[in-house]
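Below is the file query20.tsv, which contains TSV, C-alpha atoms.
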chain	number	residue	atom	x	y	z
A	1	MET	CA	-65.07	53.41	-150.70
A	2	VAL	CA	-61.75	54.51	-152.16
A	3	ILE	CA	-61.43	57.71	-154.21
A	4	LEU	CA	-58.30	58.26	-156.27
A	5	LYS	CA	-57.10	61.40	-158.02
A	6	LEU	CA	-54.90	60.60	-160.95
A	7	SER	CA	-53.11	63.77	-161.95
A	8	THR	CA	-53.08	67.53	-161.69
A	9	GLU	CA	-50.63	67.98	-164.56
A	10	THR	CA	-52.09	69.90	-167.47
A	11	PRO	CA	-51.97	68.33	-170.93
A	12	ALA	CA	-52.07	70.13	-174.24
A	13	THR	CA	-55.64	71.21	-174.86
A	14	SER	CA	-57.74	71.36	-177.98
A	15	ASN	CA	-59.13	74.55	-179.48
A	16	ASP	CA	-62.67	73.49	-178.59
A	17	PRO	CA	-63.94	75.50	-175.59
A	18	SER	CA	-66.36	72.74	-174.68
A	19	ALA	CA	-63.46	70.31	-174.62
A	20	GLU	CA	-61.62	72.64	-172.26
A	21	ASN	CA	-64.52	72.47	-169.83
A	22	ALA	CA	-64.72	68.70	-170.13
A	23	ASN	CA	-60.99	68.15	-169.66
A	24	ARG	CA	-60.82	69.30	-166.06
A	25	ASN	CA	-59.01	67.11	-163.52
A	26	MET	CA	-60.85	63.89	-163.02
A	27	THR	CA	-61.45	62.34	-159.63
A	28	LEU	CA	-62.12	58.66	-160.04
A	29	GLY	CA	-65.29	57.31	-158.51
A	30	PRO	CA	-65.55	54.27	-156.25
A	31	VAL	CA	-62.91	51.71	-157.10
A	32	MET	CA	-64.35	48.89	-155.03
A	33	THR	CA	-66.62	48.61	-152.06
A	34	GLY	CA	-67.23	45.92	-149.52
A	35	GLY	CA	-65.72	44.52	-146.35
A	36	SER	CA	-63.15	42.16	-147.85
A	37	ASP	CA	-59.47	43.04	-147.90
A	38	ARG	CA	-58.87	41.07	-151.10
A	39	TYR	CA	-60.40	41.47	-154.51
A	40	VAL	CA	-60.08	39.83	-157.90
A	41	ASP	CA	-58.26	41.87	-160.52
A	42	CYS	CA	-60.78	41.81	-163.38
A	43	CYS	CA	-57.99	42.57	-165.88
A	44	HIS	CA	-56.17	39.44	-164.74
A	45	PRO	CA	-58.94	36.98	-163.77
A	46	GLY	CA	-58.20	34.78	-160.81
A	47	ILE	CA	-55.36	36.93	-159.46
A	48	PRO	CA	-56.22	38.43	-156.06
A	49	ILE	CA	-54.86	41.84	-155.11
A	50	GLU	CA	-54.65	43.57	-151.77
A	51	SER	CA	-56.93	46.54	-151.17
A	52	SER	CA	-53.87	48.60	-150.29
A	53	GLU	CA	-52.66	48.16	-153.87
A	54	ILE	CA	-55.75	50.01	-155.07
A	55	THR	CA	-54.89	52.99	-152.93
A	56	GLN	CA	-51.21	53.01	-153.85
A	57	GLY	CA	-51.53	52.06	-157.51
A	58	ILE	CA	-51.30	48.68	-159.15
A	59	SER	CA	-47.83	47.17	-158.74
A	60	THR	CA	-46.28	45.89	-161.95
A	61	SER	CA	-43.28	43.80	-162.88
A	62	ALA	CA	-40.15	45.31	-164.45
A	63	GLU	CA	-41.13	43.73	-167.75
A	64	GLU	CA	-44.62	45.27	-167.62
A	65	SER	CA	-43.22	48.65	-166.60
A	66	LYS	CA	-41.00	48.65	-169.66
A	67	ARG	CA	-43.88	47.57	-171.87
A	68	VAL	CA	-46.14	50.44	-170.82
A	69	ALA	CA	-43.43	53.10	-170.60
A	70	LYS	CA	-45.31	54.98	-173.32
A	71	PHE	CA	-48.99	55.52	-174.01
A	72	ILE	CA	-49.44	53.76	-177.35
A	73	VAL	CA	-51.89	55.17	-179.91
A	74	ALA	CA	-52.64	53.12	-183.03
A	75	PHE	CA	-54.30	54.32	-186.24
A	76	THR	CA	-56.30	52.07	-188.53
A	77	GLY	CA	-54.61	51.29	-191.84
A	78	ASP	CA	-57.03	53.31	-193.99
A	79	PHE	CA	-55.40	56.57	-192.95
A	80	TYR	CA	-52.45	55.61	-195.16
A	81	GLU	CA	-51.73	54.39	-198.67
A	82	SER	CA	-50.41	50.88	-199.23
A	83	ASN	CA	-46.88	52.32	-199.53
A	84	GLY	CA	-47.18	53.97	-196.13
A	85	ALA	CA	-47.74	57.51	-197.40
A	86	PRO	CA	-50.46	59.48	-195.58
A	87	LYS	CA	-53.71	59.89	-197.51
A	88	TYR	CA	-54.63	63.15	-195.80
A	89	GLN	CA	-52.69	66.34	-195.37
A	90	ASP	CA	-53.38	66.89	-191.67
A	91	ILE	CA	-55.12	64.59	-189.18
A	92	GLY	CA	-54.03	66.44	-186.06
A	93	LEU	CA	-50.91	64.42	-185.31
A	94	THR	CA	-49.15	67.48	-183.88
A	95	VAL	CA	-51.35	67.06	-180.79
A	96	LEU	CA	-49.66	63.71	-180.18
A	97	SER	CA	-46.16	64.69	-181.30
A	98	GLN	CA	-46.12	67.47	-178.70
A	99	ASN	CA	-46.32	64.77	-176.03
A	100	PRO	CA	-43.12	62.69	-176.15
A	101	LYS	CA	-44.51	59.97	-173.89
A	102	ILE	CA	-47.11	59.04	-176.51
A	103	GLU	CA	-46.04	56.54	-179.16
A	104	GLN	CA	-47.82	56.44	-182.54
A	105	ARG	CA	-48.36	53.28	-184.54
A	106	VAL	CA	-50.29	52.31	-187.68
A	107	PHE	CA	-52.03	49.00	-188.34
A	108	LYS	CA	-50.04	47.02	-190.89
A	109	GLU	CA	-53.14	46.29	-192.94
A	110	HIS	CA	-56.63	47.66	-193.45
A	111	ARG	CA	-59.52	45.34	-192.66
A	112	LYS	CA	-63.26	45.94	-192.75
A	113	GLU	CA	-63.37	44.84	-189.11
A	114	ILE	CA	-60.57	45.40	-186.62
A	115	GLY	CA	-59.17	42.08	-185.48
A	116	PRO	CA	-58.15	41.52	-181.86
A	117	ASP	CA	-54.66	40.69	-183.12
A	118	GLN	CA	-54.31	44.20	-184.53
A	119	LEU	CA	-54.72	45.91	-181.16
A	120	GLY	CA	-51.46	44.63	-179.76
A	121	ASP	CA	-50.57	46.52	-176.59
A	122	ALA	CA	-52.12	49.82	-177.69
A	123	GLN	CA	-53.94	51.89	-175.10
A	124	GLY	CA	-55.91	53.82	-177.73
A	125	VAL	CA	-57.03	53.27	-181.31
A	126	ILE	CA	-58.21	56.01	-183.65
A	127	VAL	CA	-60.63	54.46	-186.15
A	128	LEU	CA	-61.53	55.81	-189.58
A	129	THR	CA	-63.81	53.25	-191.29
A	130	PRO	CA	-63.35	49.70	-189.92
A	131	ALA	CA	-66.03	48.14	-187.73
A	132	VAL	CA	-65.41	47.55	-184.04
A	133	THR	CA	-67.17	44.42	-182.83
A	134	ALA	CA	-67.33	42.22	-179.75
A	135	GLN	CA	-64.61	40.09	-181.34
A	136	THR	CA	-62.42	43.18	-181.77
A	137	VAL	CA	-62.34	43.83	-178.03
A	138	SER	CA	-62.48	40.19	-176.91
A	139	ASN	CA	-58.97	40.42	-175.47
A	140	ALA	CA	-58.67	44.13	-174.67
A	141	ARG	CA	-56.35	43.75	-171.73
A	142	ASP	CA	-54.42	46.95	-172.50
A	143	LEU	CA	-56.96	48.90	-174.53
A	144	LEU	CA	-58.51	51.94	-172.87
A	145	VAL	CA	-60.29	53.72	-175.70
A	146	ILE	CA	-61.66	53.45	-179.22
A	147	SER	CA	-61.91	56.93	-180.73
A	148	ARG	CA	-64.07	57.24	-183.84
A	149	PHE	CA	-62.71	59.68	-186.38
A	150	GLY	CA	-66.05	61.49	-186.75
A	151	VAL	CA	-69.42	61.48	-185.02
A	152	GLY	CA	-71.12	58.42	-186.53
A	153	TYR	CA	-70.75	55.27	-184.48
A	154	ASP	CA	-73.13	52.75	-186.03
A	155	SER	CA	-70.08	50.66	-186.96
A	156	VAL	CA	-68.99	50.40	-183.32
A	157	ASP	CA	-70.54	47.89	-180.93
A	158	VAL	CA	-70.67	50.25	-177.96
A	159	PRO	CA	-72.27	47.73	-175.52
A	160	ALA	CA	-69.53	45.21	-176.35
A	161	CYS	CA	-66.88	47.85	-175.70
A	162	THR	CA	-68.50	48.73	-172.40
A	163	ALA	CA	-68.57	45.08	-171.36
A	164	ALA	CA	-64.88	44.85	-172.26
A	165	ASP	CA	-64.06	47.96	-170.18
A	166	VAL	CA	-63.19	50.02	-173.25
A	167	LEU	CA	-64.22	53.65	-173.57
A	168	VAL	CA	-65.70	54.85	-176.89
A	169	THR	CA	-65.47	58.47	-178.00
A	170	ILE	CA	-66.57	60.52	-180.98
A	171	THR	CA	-65.34	63.93	-182.12
A	172	LEU	CA	-68.23	66.11	-181.06
A	173	GLY	CA	-68.24	69.57	-182.59
A	174	ALA	CA	-65.45	68.97	-185.09
A	175	VAL	CA	-67.79	68.11	-187.96
A	176	ASP	CA	-70.51	70.71	-187.45
A	177	ARG	CA	-69.27	73.53	-189.67
A	178	PRO	CA	-68.08	71.51	-192.71
A	179	VAL	CA	-71.20	69.33	-192.83
A	180	ALA	CA	-73.42	72.39	-192.44
A	181	GLU	CA	-71.60	74.22	-195.26
A	182	ALA	CA	-71.86	71.19	-197.53
A	183	ALA	CA	-75.57	70.79	-196.81
A	184	ILE	CA	-76.23	74.45	-197.56
A	185	GLY	CA	-74.28	74.13	-200.80
A	186	TRP	CA	-76.51	71.23	-201.75
A	187	LEU	CA	-79.67	73.15	-200.78
A	188	ILE	CA	-78.68	75.92	-203.16
A	189	GLY	CA	-77.56	73.48	-205.84
A	190	LEU	CA	-80.87	71.61	-205.79
A	191	SER	CA	-83.00	74.75	-205.65
A	192	HIS	CA	-81.20	76.27	-208.64
A	193	ASN	CA	-81.05	73.07	-210.73
A	194	ILE	CA	-77.27	73.30	-210.83
A	195	ARG	CA	-76.75	69.78	-212.14
A	196	ILE	CA	-79.25	70.17	-215.00
A	197	LYS	CA	-77.98	73.61	-216.01
A	198	ASP	CA	-74.42	72.36	-216.04
A	199	GLY	CA	-75.53	69.57	-218.36
A	200	LEU	CA	-77.22	71.97	-220.76
A	201	VAL	CA	-73.89	73.60	-221.54
A	202	ARG	CA	-72.01	70.31	-221.76
A	203	THR	CA	-74.55	68.94	-224.26
A	204	GLY	CA	-75.07	72.16	-226.24
A	205	GLU	CA	-78.75	72.52	-225.23
A	206	TRP	CA	-78.56	76.22	-224.36
A	207	ASP	CA	-82.10	77.04	-225.50
A	208	LYS	CA	-83.64	74.69	-222.91
A	209	ARG	CA	-82.56	76.93	-220.03
A	210	SER	CA	-86.00	78.56	-219.64
A	211	GLN	CA	-87.44	75.15	-218.72
A	212	PHE	CA	-85.43	74.93	-215.54
A	213	MET	CA	-86.20	77.97	-213.43
A	214	GLY	CA	-84.82	77.76	-209.91
A	215	ARG	CA	-86.07	78.78	-206.49
A	216	GLU	CA	-84.36	80.95	-203.90
A	217	LEU	CA	-84.02	79.98	-200.25
A	218	ARG	CA	-85.78	83.24	-199.37
A	219	ASP	CA	-89.27	82.74	-197.87
A	220	ARG	CA	-88.86	78.98	-197.78
A	221	THR	CA	-88.97	76.64	-194.78
A	222	LEU	CA	-86.13	74.41	-193.61
A	223	GLY	CA	-86.94	71.25	-191.69
A	224	VAL	CA	-84.13	69.57	-189.74
A	225	ILE	CA	-84.40	65.99	-188.54
A	226	GLY	CA	-82.02	65.85	-185.58
A	227	LEU	CA	-81.31	69.13	-183.80
A	228	GLY	CA	-77.77	68.33	-182.71
A	229	GLY	CA	-74.61	70.26	-183.43
A	230	ILE	CA	-74.84	69.97	-187.20
A	231	GLY	CA	-78.54	70.82	-187.36
A	232	ARG	CA	-78.02	73.88	-185.18
A	233	LYS	CA	-75.05	75.03	-187.24
A	234	ILE	CA	-77.05	74.83	-190.49
A	235	ILE	CA	-79.79	76.94	-188.95
A	236	GLU	CA	-77.22	79.45	-187.72
A	237	LEU	CA	-75.51	79.79	-191.11
A	238	LEU	CA	-78.83	80.17	-192.95
A	239	ARG	CA	-80.07	83.08	-190.85
A	240	GLY	CA	-79.02	85.61	-193.46
A	241	PHE	CA	-81.01	84.02	-196.31
A	242	GLY	CA	-84.41	85.42	-195.33
A	243	MET	CA	-85.99	82.03	-194.71
A	244	ASN	CA	-89.04	81.27	-192.58
A	245	GLN	CA	-88.70	80.03	-189.01
A	246	PRO	CA	-86.95	76.65	-189.17
A	247	LEU	CA	-88.67	73.46	-188.04
A	248	ALA	CA	-87.05	70.55	-186.24
A	249	TYR	CA	-87.99	67.04	-185.26
A	250	ASP	CA	-85.96	65.68	-182.37
A	251	PRO	CA	-87.61	63.78	-179.48
A	252	PHE	CA	-84.57	64.38	-177.28
A	253	VAL	CA	-84.65	68.19	-177.41
A	254	ALA	CA	-86.88	70.25	-175.12
A	255	PRO	CA	-89.18	72.81	-176.80
A	256	LYS	CA	-87.73	75.58	-174.62
A	257	SER	CA	-84.20	74.78	-175.77
A	258	ALA	CA	-85.30	74.79	-179.41
A	259	ALA	CA	-87.23	78.04	-178.96
A	260	GLU	CA	-84.10	79.72	-177.58
A	261	GLN	CA	-82.48	78.96	-180.94
A	262	GLY	CA	-85.45	80.31	-182.87
A	263	VAL	CA	-86.58	76.81	-183.88
A	264	ARG	CA	-90.07	75.33	-183.68
A	265	LEU	CA	-90.18	71.70	-182.61
A	266	VAL	CA	-92.81	69.68	-184.46
A	267	SER	CA	-93.72	66.08	-185.13
A	268	LEU	CA	-92.06	64.26	-187.99
A	269	GLU	CA	-95.27	64.34	-190.01
A	270	GLU	CA	-95.75	68.07	-189.54
A	271	LEU	CA	-92.15	68.75	-190.52
A	272	LEU	CA	-92.38	66.71	-193.70
A	273	ARG	CA	-95.69	68.29	-194.70
A	274	GLU	CA	-94.56	71.89	-194.11
A	275	ALA	CA	-90.87	72.00	-195.00
A	276	ASP	CA	-89.61	72.96	-198.45
A	277	LEU	CA	-86.16	71.61	-197.66
A	278	VAL	CA	-85.65	68.62	-195.35
A	279	SER	CA	-82.16	67.88	-194.03
A	280	ILE	CA	-81.36	64.72	-192.05
A	281	HIS	CA	-78.86	64.92	-189.20
A	282	CYS	CA	-79.73	62.13	-186.79
A	283	PRO	CA	-77.66	59.03	-185.97
A	284	LEU	CA	-78.49	55.62	-187.38
A	285	ASN	CA	-79.82	53.26	-184.73
A	286	GLU	CA	-82.70	50.87	-184.26
A	287	LYS	CA	-85.16	53.75	-183.77
A	288	THR	CA	-84.06	55.71	-186.84
A	289	ARG	CA	-83.46	52.85	-189.26
A	290	GLY	CA	-86.12	53.22	-191.97
A	291	LEU	CA	-87.37	56.43	-190.36
A	292	LEU	CA	-88.40	57.77	-193.76
A	293	GLY	CA	-90.28	55.21	-195.84
A	294	ALA	CA	-92.94	55.42	-198.54
A	295	ARG	CA	-95.56	56.81	-196.14
A	296	GLU	CA	-93.29	59.55	-194.80
A	297	LEU	CA	-92.01	60.56	-198.23
A	298	ALA	CA	-95.64	60.84	-199.40
A	299	TRP	CA	-96.15	63.53	-196.75
A	300	MET	CA	-93.60	65.79	-198.45
A	301	LYS	CA	-94.56	68.53	-200.89
A	302	PRO	CA	-94.02	67.80	-204.61
A	303	SER	CA	-91.78	70.89	-204.62
A	304	ALA	CA	-89.70	69.77	-201.61
A	305	TYR	CA	-86.11	68.53	-201.54
A	306	LEU	CA	-84.54	65.94	-199.24
A	307	LEU	CA	-80.92	65.90	-198.08
A	308	ASN	CA	-79.20	63.02	-196.29
A	309	THR	CA	-75.71	63.68	-195.01
A	310	ALA	CA	-76.21	61.47	-191.95
A	311	ARG	CA	-76.29	57.73	-192.59
A	312	GLY	CA	-77.66	55.33	-195.17
A	313	GLY	CA	-80.48	53.23	-193.80
A	314	ILE	CA	-82.36	56.15	-192.28
A	315	VAL	CA	-84.21	56.57	-195.59
A	316	ASP	CA	-85.75	53.59	-197.40
A	317	GLU	CA	-83.85	53.70	-200.70
A	318	ASP	CA	-86.52	51.81	-202.67
A	319	ALA	CA	-89.19	54.27	-201.55
A	320	LEU	CA	-86.94	57.26	-202.23
A	321	TYR	CA	-86.04	56.04	-205.72
A	322	THR	CA	-89.73	55.69	-206.57
A	323	ALA	CA	-90.57	59.12	-205.14
A	324	LEU	CA	-87.80	60.75	-207.17
A	325	LYS	CA	-88.45	58.91	-210.41
A	326	GLU	CA	-92.17	59.63	-210.30
A	327	ARG	CA	-91.55	63.25	-209.18
A	328	HIS	CA	-93.50	62.88	-205.94
A	329	ILE	CA	-90.75	65.11	-204.52
A	330	ALA	CA	-88.64	67.59	-206.47
A	331	GLY	CA	-85.24	66.11	-205.78
A	332	ALA	CA	-82.67	64.84	-203.30
A	333	ALA	CA	-79.02	65.04	-202.37
A	334	ILE	CA	-77.54	61.84	-201.01
A	335	ASP	CA	-74.14	61.45	-199.36
A	336	CYS	CA	-74.64	58.08	-197.69
A	337	PHE	CA	-76.11	54.76	-198.72
A	338	ALA	CA	-77.53	51.63	-197.16
A	339	GLN	CA	-74.64	49.60	-198.58
A	340	GLU	CA	-71.22	51.19	-198.72
A	341	PRO	CA	-68.90	51.43	-200.51
A	342	VAL	CA	-70.78	51.85	-203.79
A	343	THR	CA	-68.46	50.30	-206.37
A	344	THR	CA	-70.84	49.93	-209.32
A	345	PRO	CA	-73.06	52.62	-210.89
A	346	HIS	CA	-75.91	53.36	-208.48
A	347	ARG	CA	-79.50	53.51	-209.68
A	348	PHE	CA	-79.87	57.02	-208.27
A	349	GLY	CA	-77.37	58.09	-210.90
A	350	GLU	CA	-80.01	57.49	-213.56
A	351	LEU	CA	-82.06	60.41	-212.23
A	352	ASP	CA	-81.50	64.06	-213.14
A	353	ASN	CA	-83.05	65.41	-209.92
A	354	VAL	CA	-80.44	63.90	-207.61
A	355	LEU	CA	-77.02	65.04	-206.41
A	356	LEU	CA	-74.70	62.29	-205.16
A	357	ALA	CA	-71.45	61.98	-203.22
A	358	PRO	CA	-69.51	58.95	-201.92
A	359	HIS	CA	-70.00	59.77	-198.22
A	360	CYS	CA	-67.50	62.61	-198.43
A	361	ILE	CA	-69.47	65.74	-199.35
A	362	ALA	CA	-68.20	67.47	-196.21
A	363	TRP	CA	-64.60	66.28	-196.45
A	364	THR	CA	-62.30	69.27	-196.28
A	365	GLU	CA	-58.74	69.84	-195.10
A	366	GLU	CA	-60.17	71.70	-192.12
A	367	LEU	CA	-62.56	68.88	-191.28
A	368	PHE	CA	-59.86	66.22	-191.10
A	369	ARG	CA	-57.55	68.54	-189.19
A	370	ASP	CA	-60.18	69.35	-186.58
A	371	ILE	CA	-61.47	65.79	-186.24
A	372	GLY	CA	-57.90	64.57	-185.90
A	373	ARG	CA	-57.07	67.11	-183.24
A	374	ALA	CA	-60.16	66.14	-181.26
A	375	ALA	CA	-59.44	62.40	-181.51
A	376	CYS	CA	-55.78	62.87	-180.61
A	377	GLN	CA	-56.72	65.09	-177.68
A	378	VAL	CA	-58.73	62.19	-176.27
A	379	MET	CA	-55.51	60.18	-176.16
A	380	VAL	CA	-53.55	62.99	-174.52
A	381	ASP	CA	-56.25	63.51	-171.91
A	382	LEU	CA	-56.39	59.83	-171.00
A	383	SER	CA	-52.60	59.63	-170.80
A	384	PHE	CA	-52.69	62.41	-168.20
A	385	GLY	CA	-55.60	60.89	-166.28
A	386	LYS	CA	-58.07	63.45	-167.57
A	387	ARG	CA	-61.70	62.94	-168.48
A	388	PRO	CA	-61.89	63.10	-172.33
A	389	HIS	CA	-64.47	64.88	-174.43
A	390	GLY	CA	-67.11	63.08	-176.52
A	391	MET	CA	-67.63	59.90	-174.48
A	392	LEU	CA	-70.45	57.57	-175.55
A	393	ASN	CA	-70.19	55.22	-172.57
A	394	PRO	CA	-68.87	57.31	-169.66
A	395	GLU	CA	-70.03	54.65	-167.20
A	396	VAL	CA	-66.90	52.72	-168.15
A	397	LEU	CA	-64.88	55.22	-166.12
A	398	ASP	CA	-66.42	53.78	-162.94
A	399	ARG	CA	-65.68	50.16	-163.76
A	400	PRO	CA	-62.91	48.69	-161.56
A	401	CYS	CA	-61.06	46.98	-164.41
A	402	PHE	CA	-60.93	50.15	-166.48
A	403	GLN	CA	-59.72	52.13	-163.49
A	404	GLN	CA	-56.99	49.61	-162.76
A	405	LYS	CA	-55.51	49.57	-166.24
A	406	TRP	CA	-55.97	53.33	-166.65
A	407	ARG	CA	-54.18	54.08	-163.41
A	408	ARG	CA	-51.40	51.67	-164.29
A	409	TYR	CA	-50.63	53.47	-167.55
A	410	VAL	CA	-51.03	56.99	-166.18
A	411	LYS	CA	-48.74	56.22	-163.26
A	412	GLN	CA	-45.97	54.76	-165.40
A	413	VAL	CA	-46.24	57.11	-168.37
A	414	ASN	CA	-45.98	60.16	-166.15
A	415	GLU	CA	-43.54	59.02	-163.51
I need this file expressed as structure tokens, please.
Amino acid sequence: MVILKLSTETPATSNDPSAENANRNMTLGPVMTGGSDRYVDCCHPGIPIESSEITQGISTSAEESKRVAKFIVAFTGDFYESNGAPKYQDIGLTVLSQNPKIEQRVFKEHRKEIGPDQLGDAQGVIVLTPAVTAQTVSNARDLLVISRFGVGYDSVDVPACTAADVLVTITLGAVDRPVAEAAIGWLIGLSHNIRIKDGLVRTGEWDKRSQFMGRELRDRTLGVIGLGGIGRKIIELLRGFGMNQPLAYDPFVAPKSAAEQGVRLVSLEELLREADLVSIHCPLNEKTRGLLGARELAWMKPSAYLLNTARGGIVDEDALYTALKERHIAGAAIDCFAQEPVTTPHRFGELDNVLLAPHCIAWTEELFRDIGRAACQVMVDLSFGKRPHGMLNPEVLDRPCFQQKWRRYVKQVNE
């Protein structure tokens, strides 16, 4: 068994303390085992390499050395306008610009799905909205990492990336505060009938105000579906509102861990029956798709509100529309939809007990800055041979092909 240590040089670090802990020097695991002195280079099928090359680093031609002289980071086209101007004020590019051996590129066009031809010779791609499929990574000879600009990854085929020896990361922690603030804003807005009261002034119906009394958050119960970073941050920020002990449904969290945060873990049914305000913060996957249907919505109180800032598809939209229209629940705030983008008036817009946003309720300058810094830091870490933060498929790090191409770039970028 051969163990290789890539680098002890220290890259620029992010402001996230957890990232600092995760970005310690990485010692690669087993490269290859067995009694043979010759192996097949899985990045170049059919080409045998000597075992000594593994120990000393993969030898490369002069042409290849020139080609990988810099660690290339590409951004999907939707970060920029059609004229090349940036859409967003700050996406953390200073993290990359501080490292002169990293080259930045932008896809020439925006596609709904990243094509294999768009990858070129990039080692990393930072992805805003396009899908990443098996076809995307079908020829990922140079690609080391796909970094999602955010925490949702239902648009990324993670198993396909793993099979193609491509790491996938998300920006853990960067979204917690802005999503939590937005959700709390919506909780208050729903409870105080903000949308309706705003309309009364716009339509000159001042005298109807006594028909729309609001409710405070005080003495009410929050139920969080998904006790991850965002769910915990909401609970933390709401502590000063005099609410009851919060409830959470999350099969992956231990009761002791929840109790340490002052949260009571319950079943989904118990949460929906007891909570006055239900906020969804779980990922969309096969287990959570359709998690809340007609039966589950019927468990909720007629006075309860539902918030979804996670992903469309977790809530059955037909069942939710019926529940809202017939006032089986008091109202909802919806940031994400089963089919996006929504380019024609949505049926939820017909209802006066709903607040809507085009999957951007938490978008702030700070959010994009922090997400960008986290995604860019992944690239810096990999270029220095460091273990990045937010990995979804860390087992890729132990795959021989990934190790070979990673070592090749680290060696030449830093020599």
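Picture a line from CA of Glu395 in chain A to CA of Asp121 in chain A; it runs 23.1 Å.
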Next on the checklist: Between CA of Asn83 in chain A and CA of Val175 in chain A, what is the distance in Å, rounded to a tenth?
Outcome noted: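 So the answer is 28.6 Å.
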Write out as a Markdown table the residues of range 261-290 of chain A that have any atom within 12 Å of an atom of range 178-183 of chain A, one row each with the nearest atom pair and its distance in Å to one decimal, counting only C-alpha atoms, sorted by chain and then rising number.
| residue | atom | partner | partner_atom | distance |
| --- | --- | --- | --- | --- |
| A:Leu277 | CA | A:Ala183 | CA | 10.7 |
| A:Val278 | CA | A:Ala183 | CA | 10.4 |
| A:Ser279 | CA | A:Ala183 | CA | 7.7 |
| A:Ile280 | CA | A:Ala183 | CA | 9.6 |
| A:His281 | CA | A:Val179 | CA | 9.6 |
Item to check | Nearest to Leu324 in chain A by atom-to-atom distance, counting only C-alpha atoms, from A:Pro394, A:Gly349, A:Gly312, A:Pro255 | outcome: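 Looking only at the distances to Leu324 in chain A, the closest residue turns out to be A:Gly349.
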Checklist entry - Between CA of Tyr321 in chain A and CA of Glu350 in chain A, what is the spacing in Å? => result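 Pair CA of Glu350 in chain A / CA of Tyr321 in chain A returns 10.0 Å.
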Next on the checklist: List as a list in words the protein and nucleic acid residues near Leu291 in chain A, meaning an atom at most 12 Å away when only C-alpha atoms are counted, but skip any in the same chain fewer than 5 places from it.
Outcome noted: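 Result of the neighbour search: Ile225, Gly226, Tyr249, Leu268, Glu269, Leu272, Ile280, Cys282, Pro283, Leu284, Asn285, Glu286, Glu296, Leu297, Arg311, Gly312, Gly313, Ile314, Val315, Asp316, Glu317, Ala319 and Leu320 of chain A.
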